[in-house]
Amino acid sequence: MSRHRPFEIRAEELLSSLSDAGQYKTLQMLQSPMGPIVRLRQPDGRSKEVLCFCSNNYLGLANEPRVVEAGIEGLRRYGAGTASVRFICGTFEPHEKLERTIAEYMGTESSYTFVSCWTATEALFPTFCEAGDIIISDELNHACIIDAMRLTPVIKKGVKKTVYKHSNMDSLRDRLREAASDPEVTGQIWVVTDGVFSMEGDIAQLPQMRRLCDEFNAMLVVDDSHGHGVMGRTGRGTHEHYGMIGHNGIGHVDCFTGTLGKALGGGAGGFIAGSATMTELIIQRARPTLFSNALPVTVACSADKAIQIVMDEPERVTRLKNNVETARTKLAAAGFEVIDSPTAICPIIVGETAKAIKMSKRLLELGVFVIGFGYPVVPEGVARLRIQMSAAHTDAHIEQLVDALRKL
Ligand SMILES: *Cc1c(COP(=O)(O)O)cnc(C)c1O
């Protein structure tokens with residue numbers, strides 16, 4: 001007779017309850033590069049080409065020939081592995097070049113890369129915060145910020161944390177006032193927000209946040225993973241959208257985090273961009289770079305090329321904006337209620353989670369790949385189809401998307 005250990009019993013239970021609740025995720029297998037059209041493996045093993053409206057390939061750079069070529073060249077010149085953390089012998093010239101490019105692109109003094117934005121965020125707060133500091137966070141911030149805030153007081157005892165209502169400036173002011181009058185808060189106040197919120201596609205009110213931060217002598221940190229390559233005239237991000245370019249504290253964002261795994265080539269990697277002092281602190285003290293390997297050099301080479309292309313060809317950003325405009329207009333004309341936003345994320349609220357999942361399955365049969373998000377990612381009752389636009393989509397692709405949605 002087999003004796004099951006507690007882990008095995010509860011894991012089985014969890015998986016079957018997910019299945020019963022219609023929340024079980026099945027991984028789709030791609031057989032082609034990421035692009036406006038992708039080849040998916042069907043359950044019967046055959047291939048099917050579908051239009052992709054659910055990737056973060058906002059500028060169509062994931063399979064851009066120059067980006068691919070730069071990666072191949074990096075692989076040839078520097079080999080497959082760094083085989084070391086950065087501070088021992090794992091920093092290669094392409095890292096230095098990429099970090100200069102990111103700083104130029106972001107309008108900051110300096111930047112430092114990691115294998116992901118998740119890692120960058122988990123490096124930032126536990127390194128920059130000290131006992132007596134407080135982190136004030138938007139309630140809808142990305143999971144990596146939430147987990148980094150959980151981790152920080154474990155690593156640095158005496159760091160406090162609190163949350164304000166989503167994009168609510170009165171709530172943020174209340175949290176700042178409480179922090180300012182809290183005798184335990186003797187150090188730095190940090191305010192952190194997503195630039196673009198991934199489920200609604202709405203943007204943070206950075207100018208108001210900046211003013212409040214200045215009033216309370218707080219540092220403003222913005223994770224703009226969905227904003228880089230998308231927001232602002234040249235795709236710098238949400239700060240450019242608001243005209244907050246530059247790097248001298250007052251009037252600007254103090255520190256950014258971002259991903260290289262979305263618009264900026266889509267490979268992988270994340271960064272912290274801010275002052276040279278911040279980068280130095282990270283190099284000296286951040287555990288995820290002291291004890292974990294660097295971004296692979298081939299990925300650094302691809303990402304560097306992708307960002308150069310974004311800077312040299314702002315017309316890609318313009319094309320993305322035009323596509324978003326076209327899609328929003330056509331979806332509205334077809335009677336769909338798309339949450340309004342200036343970003344490339346176009347969510348259509350459909351109601352219950354099961355309905356969103358059913359609709360996305362039917363869309364896939366119709367050759368359109370859009371994901372339905374429901375509970376627990378968003379609250380029950382406001383499940384949605386999240387359409388993500390790309391500069392690589394053509395008018396015909398958008399027409400096909402709207403046609404498929406009409407058939408539902
Ligand atoms: C996607 C995303 C991340 C994660 O980026 P990775 O580089 O894949 O770890 C972090 N923050 C936000 C706001 C994101 O949208």
# chains A, B, ... in the order shown; residues from 1 in each chain; ligands from 1
>>> residues_around(residues="region 151-153 of chain A", least_positions_apart="5", cutoff="7 Å", atoms="only C-alpha atoms", output="number ranges by chain")
A: 125-126, 158-160
>>> write_last_selection(atoms="C-alpha atoms", output="PDB file, in the first residue's frame")
ATOM      1  CA  PHE A 125      14.007  47.394  -2.233  1.00  0.00           C
ATOM      2  CA  PRO A 126      16.020  45.130   0.080  1.00  0.00           C
ATOM      3  CA  GLY A 158      12.525  47.734  10.692  1.00  0.00           C
ATOM      4  CA  VAL A 159      11.423  48.588   7.145  1.00  0.00           C
ATOM      5  CA  LYS A 160       7.692  49.338   7.127  1.00  0.00           C
TER       6      LYS A 160
END
>>> residues_around(residues="Met389 (chain A)", least_positions_apart="6", cutoff="12 Å", atoms="only C-alpha atoms", output="VMD selection string")
chain A and resid 35 to 36 51 to 60 201 226 230 263 317 319 to 328 342 to 347 369 to 370 395 397 to 398 401
>>> closest_atom_pairs(of="chain A", to="ligand 1", cutoff="7 Å", atoms="only C-alpha atoms and all ligand atoms", output="CSV")
residue,atom,partner,partner_atom_place_in_ligand_line,distance
A:Ser116,CA,ligand 1,7 (O),3.6
A:Cys117,CA,ligand 1,7 (O),3.7
A:Trp118,CA,ligand 1,9 (O),3.8
A:Thr119,CA,ligand 1,9 (O),6.5
A:Asn141,CA,ligand 1,13 (C),7.0
A:His142,CA,ligand 1,13 (C),4.9
A:Cys144,CA,ligand 1,10 (C),5.9
A:Asp194,CA,ligand 1,13 (C),5.3
A:Phe197,CA,ligand 1,13 (C),6.8
A:Ser198,CA,ligand 1,15 (O),5.8
A:Asp223,CA,ligand 1,13 (C),5.3
A:Asp224,CA,ligand 1,13 (C),5.9
A:Ser225,CA,ligand 1,15 (O),4.7
A:His226,CA,ligand 1,15 (O),5.2
A:Gly258,CA,ligand 1,11 (N),6.6
A:Thr259,CA,ligand 1,7 (O),4.2
A:Leu260,CA,ligand 1,7 (O),6.1
A:Gly261,CA,ligand 1,7 (O),5.3
A:Ala268,CA,ligand 1,7 (O),6.0
A:Gly269,CA,ligand 1,7 (O),5.2
A:Gly270,CA,ligand 1,7 (O),4.9
>>> write_last_selection(atoms="N, CA, C and O atoms", output="mmCIF file, in the first residue's frame")
data_model
loop_
_atom_site.group_PDB
_atom_site.id
_atom_site.type_symbol
_atom_site.label_atom_id
_atom_site.label_comp_id
_atom_site.auth_asym_id
_atom_site.auth_seq_id
_atom_site.Cartn_x
_atom_site.Cartn_y
_atom_site.Cartn_z
ATOM 1 N N SER A 116 15.865 39.398 -15.010
ATOM 2 C CA SER A 116 14.447 39.734 -15.210
ATOM 3 C C SER A 116 14.126 40.994 -14.419
ATOM 4 O O SER A 116 14.877 41.390 -13.522
ATOM 5 N N CYS A 117 12.975 41.585 -14.738
ATOM 6 C CA CYS A 117 12.515 42.724 -13.940
ATOM 7 C C CYS A 117 12.104 42.245 -12.552
ATOM 8 O O CYS A 117 12.239 42.956 -11.572
ATOM 9 N N TRP A 118 11.603 41.032 -12.498
ATOM 10 C CA TRP A 118 11.251 40.452 -11.192
ATOM 11 C C TRP A 118 12.487 40.481 -10.276
ATOM 12 O O TRP A 118 12.431 40.936 -9.135
ATOM 13 N N THR A 119 13.595 40.008 -10.800
ATOM 14 C CA THR A 119 14.839 39.982 -10.019
ATOM 15 C C THR A 119 15.305 41.399 -9.693
ATOM 16 O O THR A 119 15.774 41.655 -8.572
ATOM 17 N N ASN A 141 -0.275 47.205 -7.855
ATOM 18 C CA ASN A 141 1.067 47.021 -8.405
ATOM 19 C C ASN A 141 1.342 45.559 -8.755
ATOM 20 O O ASN A 141 0.732 44.644 -8.206
ATOM 21 N N HIS A 142 2.299 45.387 -9.656
ATOM 22 C CA HIS A 142 2.679 44.055 -10.145
ATOM 23 C C HIS A 142 3.128 43.139 -8.992
ATOM 24 O O HIS A 142 3.691 43.600 -7.989
ATOM 25 N N CYS A 144 5.631 41.339 -8.610
ATOM 26 C CA CYS A 144 7.043 41.389 -8.196
ATOM 27 C C CYS A 144 7.264 42.487 -7.162
ATOM 28 O O CYS A 144 8.130 42.348 -6.281
ATOM 29 N N ASP A 194 3.408 50.919 -10.641
ATOM 30 C CA ASP A 194 3.541 50.540 -12.044
ATOM 31 C C ASP A 194 3.350 51.815 -12.866
ATOM 32 O O ASP A 194 2.559 52.689 -12.476
ATOM 33 N N PHE A 197 -0.564 49.859 -15.784
ATOM 34 C CA PHE A 197 -1.107 48.718 -15.038
ATOM 35 C C PHE A 197 -1.597 47.672 -16.029
ATOM 36 O O PHE A 197 -2.365 47.982 -16.941
ATOM 37 N N SER A 198 -1.157 46.428 -15.818
ATOM 38 C CA SER A 198 -1.267 45.441 -16.891
ATOM 39 C C SER A 198 -2.675 44.911 -17.118
ATOM 40 O O SER A 198 -2.989 44.456 -18.211
ATOM 41 N N ASP A 223 7.855 51.200 -11.963
ATOM 42 C CA ASP A 223 8.073 49.988 -12.769
ATOM 43 C C ASP A 223 7.253 50.175 -14.038
ATOM 44 O O ASP A 223 6.025 50.099 -14.012
ATOM 45 N N ASP A 224 7.936 50.442 -15.151
ATOM 46 C CA ASP A 224 7.214 50.767 -16.386
ATOM 47 C C ASP A 224 7.359 49.660 -17.432
ATOM 48 O O ASP A 224 7.478 49.922 -18.631
ATOM 49 N N SER A 225 7.289 48.436 -16.986
ATOM 50 C CA SER A 225 7.502 47.292 -17.884
ATOM 51 C C SER A 225 6.582 47.293 -19.104
ATOM 52 O O SER A 225 7.001 46.932 -20.196
ATOM 53 N N HIS A 226 5.305 47.697 -18.908
ATOM 54 C CA HIS A 226 4.369 47.750 -20.045
ATOM 55 C C HIS A 226 4.385 49.111 -20.729
ATOM 56 O O HIS A 226 3.678 49.318 -21.715
ATOM 57 N N GLY A 258 12.339 48.080 -15.157
ATOM 58 C CA GLY A 258 11.677 47.732 -16.404
ATOM 59 C C GLY A 258 12.140 46.375 -16.868
ATOM 60 O O GLY A 258 13.084 45.794 -16.316
ATOM 61 N N THR A 259 11.461 45.892 -17.885
ATOM 62 C CA THR A 259 11.802 44.578 -18.421
ATOM 63 C C THR A 259 12.337 44.703 -19.844
ATOM 64 O O THR A 259 11.955 45.608 -20.581
ATOM 65 N N LEU A 260 13.221 43.805 -20.211
ATOM 66 C CA LEU A 260 13.670 43.696 -21.595
ATOM 67 C C LEU A 260 12.865 42.605 -22.304
ATOM 68 O O LEU A 260 13.097 42.299 -23.463
ATOM 69 N N GLY A 261 11.936 42.014 -21.579
ATOM 70 C CA GLY A 261 11.173 40.870 -22.094
ATOM 71 C C GLY A 261 9.834 41.243 -22.707
ATOM 72 O O GLY A 261 9.033 40.365 -23.016
ATOM 73 N N ALA A 268 14.683 38.560 -22.662
ATOM 74 C CA ALA A 268 14.546 38.406 -21.224
ATOM 75 C C ALA A 268 15.405 39.487 -20.616
ATOM 76 O O ALA A 268 16.192 40.127 -21.305
ATOM 77 N N GLY A 269 15.279 39.659 -19.322
ATOM 78 C CA GLY A 269 16.129 40.617 -18.640
ATOM 79 C C GLY A 269 15.334 41.763 -18.076
ATOM 80 O O GLY A 269 14.219 42.049 -18.511
ATOM 81 N N GLY A 270 15.921 42.379 -17.056
ATOM 82 C CA GLY A 270 15.285 43.531 -16.437
ATOM 83 C C GLY A 270 16.356 44.516 -16.036
ATOM 84 O O GLY A 270 17.551 44.207 -16.116
#
>>> closest_residue(among="A:Glu337, A:Leu363, A:Ala148, A:Thr108", to="Lys407 (chain A)", atoms="only C-alpha atoms")
A:Leu363
>>> select_by_dssp(residues="region 72-311 of chain A", states="strand (DSSP E)", output="compact mmCIF listing (two decimals) with all heavy atoms, in the first residue's frame")
# COMPACT_ATOMS: atom_id res chain seq x y z
N SER A 110 22.41 56.37 -15.06
CA SER A 110 23.04 55.06 -15.00
C SER A 110 21.97 53.96 -15.06
O SER A 110 20.78 54.24 -14.89
CB SER A 110 23.80 54.99 -13.67
OG SER A 110 24.43 53.76 -13.51
N SER A 111 22.40 52.73 -15.30
CA SER A 111 21.46 51.61 -15.20
C SER A 111 22.24 50.33 -14.90
O SER A 111 23.46 50.28 -15.06
CB SER A 111 20.65 51.44 -16.48
OG SER A 111 21.31 50.60 -17.41
N TYR A 112 21.51 49.30 -14.47
CA TYR A 112 22.14 48.01 -14.17
C TYR A 112 21.15 46.92 -14.52
O TYR A 112 19.94 47.06 -14.26
CB TYR A 112 22.51 47.93 -12.69
CG TYR A 112 23.43 46.77 -12.35
CD1 TYR A 112 24.80 46.86 -12.59
CD2 TYR A 112 22.93 45.60 -11.79
CE1 TYR A 112 25.65 45.80 -12.28
CE2 TYR A 112 23.78 44.54 -11.47
CZ TYR A 112 25.14 44.65 -11.72
OH TYR A 112 25.99 43.61 -11.42
N THR A 113 21.63 45.83 -15.14
CA THR A 113 20.71 44.80 -15.63
C THR A 113 20.69 43.54 -14.75
O THR A 113 21.64 43.25 -14.01
CB THR A 113 21.06 44.37 -17.07
OG1 THR A 113 22.41 43.92 -17.09
CG2 THR A 113 20.87 45.50 -18.05
N PHE A 114 19.60 42.81 -14.89
CA PHE A 114 19.37 41.55 -14.18
C PHE A 114 18.75 40.56 -15.17
O PHE A 114 18.37 40.95 -16.27
CB PHE A 114 18.39 41.77 -13.02
CG PHE A 114 18.93 42.66 -11.93
CD1 PHE A 114 18.84 44.04 -12.05
CD2 PHE A 114 19.54 42.12 -10.81
CE1 PHE A 114 19.36 44.87 -11.08
CE2 PHE A 114 20.05 42.94 -9.82
CZ PHE A 114 19.96 44.32 -9.95
N ILE A 134 10.02 53.46 4.95
CA ILE A 134 8.69 52.88 4.66
C ILE A 134 8.49 52.85 3.15
O ILE A 134 8.92 53.78 2.45
CB ILE A 134 7.56 53.66 5.37
CG1 ILE A 134 6.21 52.95 5.17
CG2 ILE A 134 7.49 55.11 4.90
CD1 ILE A 134 5.11 53.45 6.10
N ILE A 135 7.87 51.77 2.66
CA ILE A 135 7.53 51.65 1.23
C ILE A 135 6.01 51.82 1.11
O ILE A 135 5.25 51.13 1.80
CB ILE A 135 7.93 50.27 0.66
CG1 ILE A 135 9.38 49.93 1.01
CG2 ILE A 135 7.71 50.24 -0.85
CD1 ILE A 135 9.75 48.48 0.69
N ILE A 136 5.58 52.73 0.26
CA ILE A 136 4.15 52.98 0.03
C ILE A 136 3.83 52.57 -1.41
O ILE A 136 4.43 53.08 -2.35
CB ILE A 136 3.80 54.46 0.26
CG1 ILE A 136 4.27 54.91 1.66
CG2 ILE A 136 2.31 54.69 0.09
CD1 ILE A 136 3.98 56.38 1.97
N SER A 137 2.89 51.63 -1.57
CA SER A 137 2.70 50.97 -2.86
C SER A 137 1.23 51.03 -3.31
O SER A 137 0.32 50.92 -2.49
CB SER A 137 3.14 49.50 -2.69
OG SER A 137 2.77 48.71 -3.78
N ASP A 138 1.01 51.19 -4.60
CA ASP A 138 -0.34 51.12 -5.17
C ASP A 138 -0.89 49.70 -4.98
O ASP A 138 -0.16 48.72 -5.21
CB ASP A 138 -0.29 51.47 -6.67
CG ASP A 138 -1.67 51.62 -7.30
OD1 ASP A 138 -2.40 50.61 -7.41
OD2 ASP A 138 -2.00 52.76 -7.69
N LYS A 160 9.15 49.46 7.09
CA LYS A 160 7.69 49.34 7.13
C LYS A 160 7.13 49.39 5.71
O LYS A 160 7.82 49.78 4.77
CB LYS A 160 7.09 50.47 7.97
CG LYS A 160 7.56 50.44 9.42
CD LYS A 160 6.87 51.48 10.24
CE LYS A 160 5.65 50.91 10.94
NZ LYS A 160 5.07 51.87 11.92
N LYS A 161 5.87 48.98 5.58
CA LYS A 161 5.23 49.01 4.24
C LYS A 161 3.75 49.28 4.40
O LYS A 161 3.14 48.92 5.41
CB LYS A 161 5.49 47.69 3.51
CG LYS A 161 5.00 46.51 4.29
CD LYS A 161 5.47 45.19 3.73
CE LYS A 161 4.99 44.12 4.68
NZ LYS A 161 5.01 42.79 4.27
N THR A 162 3.18 49.93 3.39
CA THR A 162 1.75 50.20 3.40
C THR A 162 1.28 50.36 1.95
O THR A 162 2.10 50.49 1.04
CB THR A 162 1.42 51.43 4.26
OG1 THR A 162 0.01 51.61 4.29
CG2 THR A 162 2.05 52.70 3.72
N VAL A 163 -0.05 50.34 1.79
CA VAL A 163 -0.63 50.33 0.45
C VAL A 163 -1.66 51.45 0.33
O VAL A 163 -2.39 51.73 1.29
CB VAL A 163 -1.31 48.94 0.21
CG1 VAL A 163 -2.22 48.96 -0.99
CG2 VAL A 163 -0.24 47.86 0.06
N TYR A 164 -1.72 52.12 -0.81
CA TYR A 164 -2.79 53.11 -1.05
C TYR A 164 -3.74 52.59 -2.12
O TYR A 164 -3.39 51.71 -2.90
CB TYR A 164 -2.21 54.48 -1.42
CG TYR A 164 -1.39 54.53 -2.69
CD1 TYR A 164 -1.99 54.90 -3.90
CD2 TYR A 164 -0.04 54.24 -2.69
CE1 TYR A 164 -1.25 54.97 -5.07
CE2 TYR A 164 0.71 54.29 -3.86
CZ TYR A 164 0.10 54.66 -5.04
OH TYR A 164 0.83 54.71 -6.20
N ILE A 189 11.17 57.74 2.86
CA ILE A 189 9.86 57.27 2.38
C ILE A 189 10.00 56.94 0.89
O ILE A 189 10.52 57.74 0.12
CB ILE A 189 8.76 58.35 2.57
CG1 ILE A 189 8.62 58.72 4.04
CG2 ILE A 189 7.43 57.87 1.98
CD1 ILE A 189 7.65 59.89 4.29
N TRP A 190 9.55 55.73 0.50
CA TRP A 190 9.59 55.30 -0.90
C TRP A 190 8.15 55.16 -1.40
O TRP A 190 7.32 54.55 -0.72
CB TRP A 190 10.27 53.93 -1.03
CG TRP A 190 11.68 53.91 -0.54
CD1 TRP A 190 12.10 53.71 0.74
CD2 TRP A 190 12.85 54.12 -1.33
NE1 TRP A 190 13.48 53.77 0.80
CE2 TRP A 190 13.97 54.02 -0.46
CE3 TRP A 190 13.09 54.37 -2.68
CZ2 TRP A 190 15.28 54.17 -0.90
CZ3 TRP A 190 14.39 54.51 -3.13
CH2 TRP A 190 15.48 54.42 -2.24
N VAL A 191 7.88 55.69 -2.58
CA VAL A 191 6.57 55.49 -3.20
C VAL A 191 6.81 54.72 -4.48
O VAL A 191 7.67 55.10 -5.29
CB VAL A 191 5.88 56.84 -3.48
CG1 VAL A 191 4.58 56.63 -4.27
CG2 VAL A 191 5.60 57.58 -2.17
N VAL A 192 6.07 53.63 -4.66
CA VAL A 192 6.31 52.78 -5.84
C VAL A 192 5.01 52.52 -6.59
O VAL A 192 3.97 52.26 -5.99
CB VAL A 192 7.04 51.47 -5.46
CG1 VAL A 192 6.27 50.68 -4.40
CG2 VAL A 192 7.28 50.60 -6.70
N THR A 193 5.10 52.61 -7.92
CA THR A 193 3.93 52.34 -8.75
C THR A 193 4.33 51.70 -10.08
O THR A 193 5.44 51.91 -10.57
CB THR A 193 3.16 53.65 -9.05
OG1 THR A 193 1.97 53.34 -9.79
CG2 THR A 193 4.00 54.64 -9.87
N ASP A 194 3.41 50.92 -10.64
CA ASP A 194 3.54 50.54 -12.04
C ASP A 194 3.35 51.82 -12.87
O ASP A 194 2.56 52.69 -12.48
CB ASP A 194 2.42 49.56 -12.45
CG ASP A 194 2.63 48.14 -11.94
OD1 ASP A 194 3.47 47.94 -11.04
OD2 ASP A 194 1.93 47.23 -12.43
N MET A 219 11.02 59.32 -2.25
CA MET A 219 11.61 58.86 -3.52
C MET A 219 10.51 58.17 -4.33
O MET A 219 9.74 57.37 -3.79
CB MET A 219 12.71 57.84 -3.26
CG MET A 219 13.88 58.36 -2.44
SD MET A 219 15.00 59.38 -3.40
CE MET A 219 16.03 58.14 -4.14
N LEU A 220 10.48 58.47 -5.63
CA LEU A 220 9.46 57.88 -6.51
C LEU A 220 10.10 56.81 -7.40
O LEU A 220 11.04 57.08 -8.15
CB LEU A 220 8.83 58.97 -7.38
CG LEU A 220 7.77 58.53 -8.40
CD1 LEU A 220 6.59 57.83 -7.70
CD2 LEU A 220 7.27 59.73 -9.21
N VAL A 221 9.59 55.57 -7.27
CA VAL A 221 10.09 54.44 -8.07
C VAL A 221 8.96 54.00 -9.02
O VAL A 221 7.83 53.78 -8.57
CB VAL A 221 10.49 53.25 -7.17
CG1 VAL A 221 11.00 52.08 -8.01
CG2 VAL A 221 11.54 53.68 -6.15
N VAL A 222 9.27 53.88 -10.31
CA VAL A 222 8.25 53.50 -11.29
C VAL A 222 8.69 52.24 -12.05
O VAL A 222 9.76 52.21 -12.65
CB VAL A 222 7.98 54.64 -12.30
CG1 VAL A 222 6.97 54.21 -13.36
CG2 VAL A 222 7.50 55.90 -11.59
N ASP A 223 7.85 51.20 -11.96
CA ASP A 223 8.07 49.99 -12.77
C ASP A 223 7.25 50.17 -14.04
O ASP A 223 6.02 50.10 -14.01
CB ASP A 223 7.60 48.76 -11.99
CG ASP A 223 7.73 47.46 -12.80
OD1 ASP A 223 7.91 47.53 -14.04
OD2 ASP A 223 7.65 46.38 -12.20
N CYS A 255 13.75 56.70 -9.84
CA CYS A 255 14.30 55.39 -10.17
C CYS A 255 13.26 54.59 -10.96
O CYS A 255 12.07 54.60 -10.63
CB CYS A 255 14.65 54.66 -8.87
SG CYS A 255 15.39 53.06 -9.12
N PHE A 256 13.72 53.93 -12.02
CA PHE A 256 12.84 53.08 -12.81
C PHE A 256 13.26 51.63 -12.68
O PHE A 256 14.45 51.33 -12.55
CB PHE A 256 12.96 53.40 -14.31
CG PHE A 256 12.50 54.77 -14.70
CD1 PHE A 256 13.42 55.80 -14.80
CD2 PHE A 256 11.17 55.01 -14.97
CE1 PHE A 256 13.01 57.07 -15.18
CE2 PHE A 256 10.75 56.28 -15.36
CZ PHE A 256 11.68 57.31 -15.45
N THR A 257 12.26 50.74 -12.78
CA THR A 257 12.59 49.37 -13.12
C THR A 257 11.85 49.07 -14.41
O THR A 257 10.86 49.73 -14.74
CB THR A 257 12.15 48.37 -12.04
OG1 THR A 257 10.75 48.57 -11.78
CG2 THR A 257 12.92 48.56 -10.76
N GLY A 258 12.34 48.08 -15.16
CA GLY A 258 11.68 47.73 -16.40
C GLY A 258 12.14 46.37 -16.87
O GLY A 258 13.08 45.79 -16.32
N THR A 259 11.46 45.89 -17.88
CA THR A 259 11.80 44.58 -18.42
C THR A 259 12.34 44.70 -19.84
O THR A 259 11.96 45.61 -20.58
CB THR A 259 10.58 43.63 -18.41
OG1 THR A 259 11.00 42.33 -18.85
CG2 THR A 259 9.47 44.11 -19.34
N GLY A 270 15.92 42.38 -17.06
CA GLY A 270 15.29 43.53 -16.44
C GLY A 270 16.36 44.52 -16.04
O GLY A 270 17.55 44.21 -16.12
N PHE A 271 15.92 45.70 -15.65
CA PHE A 271 16.91 46.70 -15.27
C PHE A 271 16.40 47.63 -14.18
O PHE A 271 15.20 47.75 -13.96
CB PHE A 271 17.35 47.53 -16.48
CG PHE A 271 16.23 48.28 -17.17
CD1 PHE A 271 15.80 49.52 -16.71
CD2 PHE A 271 15.60 47.73 -18.28
CE1 PHE A 271 14.77 50.21 -17.34
CE2 PHE A 271 14.55 48.42 -18.92
CZ PHE A 271 14.14 49.65 -18.46
N ILE A 272 17.38 48.24 -13.50
CA ILE A 272 17.13 49.37 -12.62
C ILE A 272 17.81 50.55 -13.30
O ILE A 272 18.99 50.43 -13.68
CB ILE A 272 17.74 49.14 -11.22
CG1 ILE A 272 17.02 47.97 -10.52
CG2 ILE A 272 17.67 50.40 -10.37
CD1 ILE A 272 17.64 47.57 -9.18
N ALA A 273 17.10 51.67 -13.48
CA ALA A 273 17.71 52.85 -14.08
C ALA A 273 17.51 54.02 -13.14
O ALA A 273 16.39 54.28 -12.70
CB ALA A 273 17.09 53.14 -15.45
N GLY A 274 18.60 54.68 -12.79
CA GLY A 274 18.51 55.80 -11.86
C GLY A 274 19.85 56.49 -11.76
O GLY A 274 20.59 56.58 -12.75
>>> residues_around(residues="region 288-302 of chain A", least_positions_apart="2", cutoff="9 Å", atoms="only C-alpha atoms", output="PyMOL selection string")
chain A and resi 66-76+78-88+90-95+97-98+113-116+119-120+122-123+265+267-270+282-286+304-307
